Each structure stands twice: as C-alpha cells, then as structure tokens.
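Text of coords_5.csv (CSV, C-alpha atoms) as supplied:
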chain,number,residue,atom,x,y,z
A,1,MET,CA,17.3,121.0,88.3
A,2,ALA,CA,18.8,121.9,91.7
A,3,GLN,CA,21.5,119.6,93.0
A,4,ARG,CA,20.4,117.6,96.1
A,5,SER,CA,22.4,117.9,99.3
A,6,PRO,CA,24.0,114.5,100.2
A,7,GLY,CA,23.0,114.9,103.8
A,8,LEU,CA,25.3,114.4,106.9
A,9,ILE,CA,26.0,110.7,106.3
A,10,GLY,CA,26.5,111.2,102.6
A,11,ALA,CA,28.9,114.1,103.2
A,12,ILE,CA,30.9,112.0,105.7
A,13,ARG,CA,31.1,109.2,103.2
A,14,ILE,CA,32.3,111.6,100.5
A,15,ASP,CA,34.9,113.1,102.8
A,16,LEU,CA,36.2,109.7,103.8
A,17,LEU,CA,36.4,108.5,100.2
A,18,ARG,CA,38.2,111.6,99.1
A,19,LEU,CA,40.6,111.3,102.1
A,20,HIS,CA,41.4,107.7,101.1
A,21,GLU,CA,41.8,108.6,97.4
A,22,THR,CA,44.2,111.4,98.4
A,23,TRP,CA,46.3,108.8,100.3
A,24,MET,CA,46.2,106.5,97.3
A,25,GLU,CA,47.4,109.2,95.0
A,26,VAL,CA,50.6,109.6,97.0
A,27,VAL,CA,51.8,106.4,95.2
A,28,PHE,CA,49.3,105.7,92.4
A,29,PRO,CA,48.2,108.1,89.7
A,30,ARG,CA,44.7,109.4,89.0
A,31,GLN,CA,43.0,108.4,92.2
A,32,LEU,CA,41.6,111.6,93.7
A,33,ASP,CA,40.5,113.4,90.5
A,34,PRO,CA,40.6,110.9,87.5
A,35,GLY,CA,40.6,112.5,84.1
A,36,HIS,CA,37.5,112.1,81.9
A,37,VAL,CA,39.5,110.5,79.1
A,38,LEU,CA,41.9,108.1,80.9
A,39,GLY,CA,39.7,107.5,84.0
A,40,LYS,CA,40.8,106.1,87.3
A,41,TRP,CA,44.1,104.2,87.3
A,42,LYS,CA,43.7,100.5,88.1
A,43,PRO,CA,46.4,97.9,88.7
A,44,GLU,CA,47.1,95.5,85.8
A,45,THR,CA,49.6,93.0,87.1
A,46,GLY,CA,49.8,90.8,90.1
A,47,VAL,CA,52.5,92.9,91.7
A,48,GLN,CA,50.6,96.1,91.1
A,49,THR,CA,47.4,94.7,92.5
A,50,ALA,CA,49.2,93.5,95.7
A,51,GLY,CA,50.9,96.9,96.2
A,52,TYR,CA,47.7,98.7,95.5
A,53,TYR,CA,45.6,96.9,98.1
A,54,PHE,CA,48.4,96.9,100.6
A,55,TRP,CA,48.7,100.6,100.3
A,56,ALA,CA,44.9,101.0,100.5
A,57,ALA,CA,44.9,98.9,103.8
A,58,VAL,CA,47.7,101.0,105.3
A,59,GLY,CA,45.7,104.1,104.5
A,60,LEU,CA,42.5,103.1,106.3
A,61,PRO,CA,43.6,103.8,109.9
A,62,LEU,CA,45.3,107.0,108.7
A,63,VAL,CA,42.0,108.1,107.2
A,64,LEU,CA,40.2,107.5,110.6
A,65,ILE,CA,42.8,109.5,112.4
A,66,GLY,CA,42.9,112.3,109.7
A,67,TYR,CA,39.1,112.8,109.6
A,68,PRO,CA,38.8,114.7,113.0
A,69,LEU,CA,41.7,116.9,111.8
A,70,LEU,CA,39.7,117.5,108.6
A,71,LEU,CA,36.7,118.6,110.6
A,72,VAL,CA,38.9,121.1,112.5
A,73,GLY,CA,40.1,122.4,109.1
A,74,TYR,CA,36.5,122.9,108.0
A,75,GLY,CA,35.7,124.8,111.2
A,76,THR,CA,38.8,127.0,110.9
A,77,ARG,CA,38.1,127.7,107.3
A,78,PHE,CA,34.5,128.8,108.2
A,79,TYR,CA,35.7,131.3,110.8
A,80,ALA,CA,38.6,132.4,108.7
A,81,VAL,CA,36.2,133.4,105.9
A,82,LYS,CA,34.2,135.4,108.4
A,83,LEU,CA,37.3,137.2,109.7
A,84,ASP,CA,38.6,137.8,106.2
A,85,SER,CA,35.2,139.3,105.2
A,86,ALA,CA,35.3,141.6,108.2
A,87,ALA,CA,38.9,142.6,107.4
A,88,THR,CA,38.0,143.3,103.8
A,89,ARG,CA,35.2,145.6,104.9
A,90,LEU,CA,37.5,147.4,107.3
A,91,GLY,CA,40.5,147.6,104.9
A,92,ILE,CA,44.1,148.1,105.9
A,93,LEU,CA,43.5,151.5,107.4
A,94,GLY,CA,40.5,150.3,109.3
A,95,ALA,CA,42.4,147.4,110.8
A,96,VAL,CA,45.2,149.7,111.9
A,97,LEU,CA,42.7,152.1,113.5
A,98,VAL,CA,40.9,149.4,115.4
A,99,SER,CA,44.2,147.9,116.6
A,100,VAL,CA,45.5,151.4,117.6
A,101,VAL,CA,42.4,152.2,119.6
A,102,VAL,CA,42.4,148.8,121.4
A,103,TRP,CA,46.1,148.9,122.2
A,104,GLY,CA,46.1,152.6,122.9
A,105,VAL,CA,43.6,151.9,125.7
A,106,LEU,CA,45.7,149.0,127.1
A,107,SER,CA,48.9,151.1,126.9
A,108,ALA,CA,47.2,153.9,128.8
A,109,VAL,CA,46.1,151.5,131.5
A,110,ALA,CA,49.6,150.0,131.7
A,111,SER,CA,51.1,153.5,132.0
A,112,TYR,CA,48.8,154.2,134.9
A,113,GLN,CA,49.3,150.9,136.6
A,114,PHE,CA,53.1,150.6,136.2
A,115,GLY,CA,53.5,154.3,137.0
A,116,THR,CA,56.2,155.2,134.5
A,117,VAL,CA,57.7,158.6,134.8
A,118,GLY,CA,60.2,158.6,131.9
A,119,THR,CA,62.8,156.5,133.8
A,120,VAL,CA,63.7,152.9,133.0
A,121,SER,CA,62.8,150.7,136.0
A,122,LEU,CA,61.3,147.3,136.5
A,123,ASN,CA,57.8,149.0,136.4
A,124,ALA,CA,58.7,150.8,133.2
A,125,GLU,CA,59.8,147.6,131.6
A,126,GLY,CA,56.3,146.3,132.2
A,127,PHE,CA,54.9,149.3,130.4
A,128,LEU,CA,57.4,148.9,127.6
A,129,ALA,CA,56.4,145.3,127.2
A,130,VAL,CA,52.8,146.3,126.6
A,131,VAL,CA,53.8,148.9,124.1
A,132,ALA,CA,56.0,146.4,122.3
A,133,ALA,CA,53.1,143.9,122.2
A,134,SER,CA,50.8,146.6,120.8
A,135,VAL,CA,53.3,147.2,118.0
A,136,VAL,CA,53.5,143.5,117.2
A,137,ALA,CA,49.8,143.0,117.3
A,138,THR,CA,49.1,146.0,115.0
A,139,VAL,CA,51.8,145.0,112.5
A,140,SER,CA,50.4,141.4,112.6
A,141,ALA,CA,46.9,142.6,111.9
A,142,VAL,CA,48.1,144.6,108.9
A,143,LEU,CA,50.2,141.7,107.6
A,144,ALA,CA,47.3,139.3,108.0
A,145,VAL,CA,45.1,141.5,105.8
A,146,LEU,CA,47.9,142.0,103.2
A,147,PHE,CA,48.8,138.3,103.0
A,148,SER,CA,45.2,137.3,102.7
A,149,ARG,CA,44.8,139.7,99.8
A,150,VAL,CA,47.9,138.3,98.1
A,151,GLY,CA,46.3,134.8,98.2
A,152,GLY,CA,47.9,131.5,97.4
A,153,ARG,CA,48.1,128.4,99.6
A,154,GLY,CA,51.7,128.8,100.6
A,155,THR,CA,51.3,132.5,101.5
A,156,SER,CA,48.2,131.8,103.5
A,157,VAL,CA,49.7,128.9,105.5
A,158,LEU,CA,53.2,130.3,106.1
A,159,LEU,CA,52.4,134.0,106.6
A,160,ALA,CA,48.7,134.9,106.8
A,161,TYR,CA,47.6,132.5,109.5
A,162,PRO,CA,50.5,133.0,111.9
A,163,ALA,CA,50.0,136.8,111.6
A,164,ALA,CA,46.3,136.4,112.3
A,165,MET,CA,46.9,134.2,115.3
A,166,THR,CA,49.3,136.8,116.8
A,167,ALA,CA,46.8,139.6,116.3
A,168,LEU,CA,44.0,137.5,117.9
A,169,PHE,CA,46.0,136.1,120.9
A,170,LEU,CA,47.9,139.1,122.2
A,171,PRO,CA,45.0,141.5,123.2
A,172,PRO,CA,43.2,139.2,125.7
A,173,VAL,CA,46.5,137.9,127.2
A,174,VAL,CA,47.9,141.4,127.6
A,175,ALA,CA,44.5,142.7,128.9
A,176,ALA,CA,44.7,140.0,131.5
A,177,LEU,CA,47.8,141.7,133.0
A,178,PHE,CA,45.5,144.4,134.2
A,179,VAL,CA,42.0,142.9,134.6
A,180,GLU,CA,41.7,140.5,137.5
A,181,THR,CA,38.7,138.6,136.2
A,182,LEU,CA,40.6,137.8,133.0
A,183,GLN,CA,43.7,136.7,135.0
A,184,GLN,CA,41.6,134.1,136.8
A,185,THR,CA,40.6,132.5,133.4
A,186,ILE,CA,43.5,133.1,131.1
A,187,PHE,CA,46.6,132.6,133.4
A,188,PRO,CA,45.6,129.2,134.9
A,189,ALA,CA,44.6,127.9,131.5
A,190,SER,CA,47.8,129.2,130.0
A,191,GLU,CA,49.9,127.6,132.8
A,192,GLN,CA,48.2,124.2,132.4
A,193,LEU,CA,48.7,124.4,128.6
A,194,ALA,CA,52.4,125.2,129.1
A,195,ILE,CA,52.8,122.2,131.5
A,196,THR,CA,51.1,119.9,129.0
A,197,ILE,CA,53.3,121.2,126.1
A,198,LEU,CA,56.5,120.9,128.2
A,199,ASP,CA,55.7,117.4,129.6
A,200,GLU,CA,54.0,115.8,126.6
A,201,ILE,CA,55.8,117.4,123.6
A,202,LEU,CA,59.0,119.1,124.5
A,203,PHE,CA,60.4,116.4,126.8
A,204,VAL,CA,62.8,115.1,124.1
A,205,GLY,CA,66.4,115.8,125.0
A,206,GLY,CA,65.4,117.5,128.3
A,207,LEU,CA,64.2,120.6,126.4
A,208,ASN,CA,61.4,121.0,128.9
A,209,GLU,CA,63.8,121.3,131.9
A,210,ILE,CA,66.0,123.8,130.0
A,211,ILE,CA,62.9,126.0,129.4
A,212,ARG,CA,61.8,125.7,133.0
A,213,GLU,CA,65.2,126.8,134.2
A,214,ARG,CA,65.5,129.8,132.0
A,215,PHE,CA,62.0,131.1,131.8
A,216,THR,CA,59.4,132.0,134.4
A,217,LEU,CA,55.8,132.0,133.5
A,218,GLU,CA,54.5,135.1,135.2
A,219,GLY,CA,53.5,138.6,134.1
A,220,THR,CA,54.7,139.4,130.6
A,221,GLY,CA,56.0,135.8,130.4
A,222,TYR,CA,52.4,134.9,129.4
A,223,VAL,CA,52.6,137.3,126.5
A,224,LEU,CA,55.9,135.8,125.3
A,225,MET,CA,54.4,132.3,125.6
A,226,TRP,CA,51.5,133.1,123.4
A,227,LEU,CA,53.7,134.9,120.9
A,228,SER,CA,55.8,131.8,120.6
A,229,LEU,CA,52.7,129.6,120.2
A,230,SER,CA,51.0,131.8,117.6
A,231,VAL,CA,53.3,131.0,114.7
A,232,PRO,CA,53.3,127.2,114.9
A,233,LEU,CA,49.6,127.2,115.7
A,234,GLY,CA,49.0,129.4,112.7
A,235,TRP,CA,51.0,127.0,110.5
A,236,PHE,CA,49.0,124.1,111.9
A,237,LEU,CA,45.6,125.6,111.4
A,238,GLY,CA,46.6,127.0,108.0
A,239,GLY,CA,47.8,123.5,107.0
A,240,LEU,CA,44.4,122.0,108.1
A,241,VAL,CA,42.5,124.6,106.1
A,242,ALA,CA,44.7,123.8,103.0
A,243,PHE,CA,43.9,120.1,103.7
A,244,ALA,CA,40.2,120.9,103.9
A,245,ASN,CA,40.4,122.8,100.6
A,246,ILE,CA,41.9,119.7,98.9
A,247,ILE,CA,39.3,117.3,100.3
A,248,ARG,CA,36.3,119.6,99.9
A,249,PRO,CA,37.0,122.7,97.9
A,250,LYS,CA,35.1,125.9,98.9
A,251,ASP,CA,32.7,125.7,96.0
A,252,GLY,CA,32.3,121.9,96.3
A,253,SER,CA,29.7,120.0,98.2

In structure tokens, how does this file's structure come out?
Amino acid sequence: MAQRSPGLIGAIRIDLLRLHETWMEVVFPRQLDPGHVLGKWKPETGVQTAGYYFWAAVGLPLVLIGYPLLLVGYGTRFYAVKLDSAATRLGILGAVLVSVVVWGVLSAVASYQFGTVGTVSLNAEGFLAVVAASVVATVSAVLAVLFSRVGGRGTSVLLAYPAAMTALFLPPVVAALFVETLQQTIFPASEQLAITILDEILFVGGLNEIIRERFTLEGTGYVLMWLSLSVPLGWFLGGLVAFANIIRPKDGS
C-alpha cells in the first residue's frame, strides 16, 4: 500500500518535532532516532525530569528561529541536486570546456576594452584581473565537481559548496565590468550589501572602518568582494544543507 503524503501542515509538524528532538539529543540520549529495543529515553528521577523539561522549554524559541533556516537548507539542497546532476552529465572535462568558453569570451572583451598591448599598465592590470578571475572560476568549477564526487558531509560543507559559490558568483560580477546593463543591477546591489555587512556585522573592533580605509569598492574591487564572500557563504549554505539532511534525509518524507 502506497505511503500517504503528510501534506503541508503535517510536514511542518514533523519538521518542528524533529528539530526539537535534535535539540533535546544535545543533552539527553535517544531523542531524535530512538532504538527499537530501548525506545526513547525518558527521565526517571525528579532532577532528571526538571532538567528535561527545562531544556525542552529553552529549545522552543530556538526551534522557531531555526525553522526558517531549515527551509533555506531545503531550497539550497534542491538546487544543489539539480546543479550536481548537470555537472555529472557534463563531467570534469565538460565543466572545464564550458568555463573556458565563458571566460575566454570575457577575457577577449576585457582585452579589447582595456587595450592591452603587452605592457604592464593600469589598463593591463584590469585585463590581468579578468584573466586571474577566469582561472579561479575554472579551477573552482572543477574542484566543486571533484569534491561532490568524493562525497561526505565534511567535504561537501568545507570544500564543495565554497568552490561552487565561487564558480557561480564570479562570471556575472566580472561580466558587469563590461556590460552597462549588468552594472546598473549588480554594482548598486553589491554596494548596498557591502554597507550592510560592514555596518551590521563587521562593526566589532572598528573592523568596518579599517576595511573602508584600505579598500575601495569599484571596478575589480567588486570581484574581490564576491570572492571573499563566496567561501563563508558556501560554508553557511553547506551547513544548512547538512542541517536539512539531518532533519529530513533525502529519502525521507
């Protein structure tokens, strides 16, 4: 007999329950996946009962905060599976060829725009920045495919997702250096994001002021910005996917 779908409300209830059980298992055994023989652990003494329900109450607001992050993890996992499937069909050689074609076109446009003639100048540095970005993006695409094939939660979170983020972020940002319509969308949004990160996250110890004094967000500075964001963002999204796999495994309901 086919297993019935729990529906949207039922799925949310299951997710919230598993989230809370995951929190409970930090301190108490056999909460998330109790064994068939021993069953779910339950407190037996007054002290255990008080600690058990206190820990359960502390976890309730954390579950409410964690659930939106879990949904982001589900969405990221869905698109990661799609990208991984496409990468598998292309293979490593295919990923390299696609990256070389895309970045070859961008490098050719950069060479024409910056007018390099074999001498190192400020214009030539712009062209070299594009070439360097193309190498980083191509290597990142290859590494993302390799790390996804290796498998393992640690490899995916620490290596595969940051590599994939770098390969995805660099092309549109670098392309915006030469396409005015992209500049009008990507650069203002990037600048606003940089302001938010500096003022809301990196304000501790005056780090935001140090960054503002030493770096200027213009031209290839946007490329460097997204390069520096791709690794921590990859770790964050990879962590959310690992979180989603714990709460609702891929083959689970």

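Distances from A:Gln183, A:Thr76, A:Gln192, A:Asn208 to Leu237 in chain A were compared using all atoms listed in the file, and the smallest one belongs to A:Thr76.
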
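Selecting by distance to (50.2, 136.6, 103.9) with a limit of 10 Å and using all atoms listed in the file, one obtains Ser140, Val142, Leu143, Ala144, Val145, Leu146, Phe147, Ser148, Arg149, Val150, Gly151, Gly152, Arg153, Gly154, Thr155, Ser156, Val157, Leu158, Leu159, Ala160, Tyr161, Pro162, Ala163 and Ala164 of chain A.
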
Dump as a PDB file, keeping the file's coordinate frame, selection limited to C-alpha atoms:
ATOM      1  CA  SER A 140      50.400 141.400 112.600  1.00  0.00           C
ATOM      2  CA  VAL A 142      48.100 144.600 108.900  1.00  0.00           C
ATOM      3  CA  LEU A 143      50.200 141.700 107.600  1.00  0.00           C
ATOM      4  CA  ALA A 144      47.300 139.300 108.000  1.00  0.00           C
ATOM      5  CA  VAL A 145      45.100 141.500 105.800  1.00  0.00           C
ATOM      6  CA  LEU A 146      47.900 142.000 103.200  1.00  0.00           C
ATOM      7  CA  PHE A 147      48.800 138.300 103.000  1.00  0.00           C
ATOM      8  CA  SER A 148      45.200 137.300 102.700  1.00  0.00           C
ATOM      9  CA  ARG A 149      44.800 139.700  99.800  1.00  0.00           C
ATOM     10  CA  VAL A 150      47.900 138.300  98.100  1.00  0.00           C
ATOM     11  CA  GLY A 151      46.300 134.800  98.200  1.00  0.00           C
ATOM     12  CA  GLY A 152      47.900 131.500  97.400  1.00  0.00           C
ATOM     13  CA  ARG A 153      48.100 128.400  99.600  1.00  0.00           C
ATOM     14  CA  GLY A 154      51.700 128.800 100.600  1.00  0.00           C
ATOM     15  CA  THR A 155      51.300 132.500 101.500  1.00  0.00           C
ATOM     16  CA  SER A 156      48.200 131.800 103.500  1.00  0.00           C
ATOM     17  CA  VAL A 157      49.700 128.900 105.500  1.00  0.00           C
ATOM     18  CA  LEU A 158      53.200 130.300 106.100  1.00  0.00           C
ATOM     19  CA  LEU A 159      52.400 134.000 106.600  1.00  0.00           C
ATOM     20  CA  ALA A 160      48.700 134.900 106.800  1.00  0.00           C
ATOM     21  CA  TYR A 161      47.600 132.500 109.500  1.00  0.00           C
ATOM     22  CA  PRO A 162      50.500 133.000 111.900  1.00  0.00           C
ATOM     23  CA  ALA A 163      50.000 136.800 111.600  1.00  0.00           C
ATOM     24  CA  ALA A 164      46.300 136.400 112.300  1.00  0.00           C
TER      25      ALA A 164
END

Counting all atoms listed in the file, the residue of A:Val131, A:Gln184, A:Leu17, A:Val139 that sits nearest Leu97 in chain A: A:Val139

Residue list as a PyMOL selection string for point (53.3, 129.4, 132.2), cut-off 10 Å, only C-alpha atoms: chain A and resi 187-195+198+212+215-219+221-226

Between CA of Ile12 in chain A and CA of Gly51 in chain A - distance in Å to one decimal: 26.8 Å

Spatial neighbours of Ala244 in chain A, max dist 10 Å, all atoms listed in the file, sep filter under 4 positions, as a PyMOL selection string: chain A and resi 15+19+67+69-77+238-240+248-250

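For the pair CA of Glu209 in chain A and CA of Ala132 in chain A, the separation is 28.0 Å.
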
For Leu62 in chain A: contacts at 12 Å, only C-alpha atoms, fewer than 2 positions along chain excluded, given as a ChimeraX atom specification: /A:16,19-24,55-60,64-70

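Atom pair CA of Val37 in chain A / CA of Arg18 in chain A has a distance of 20.1 Å (rounded to one decimal).
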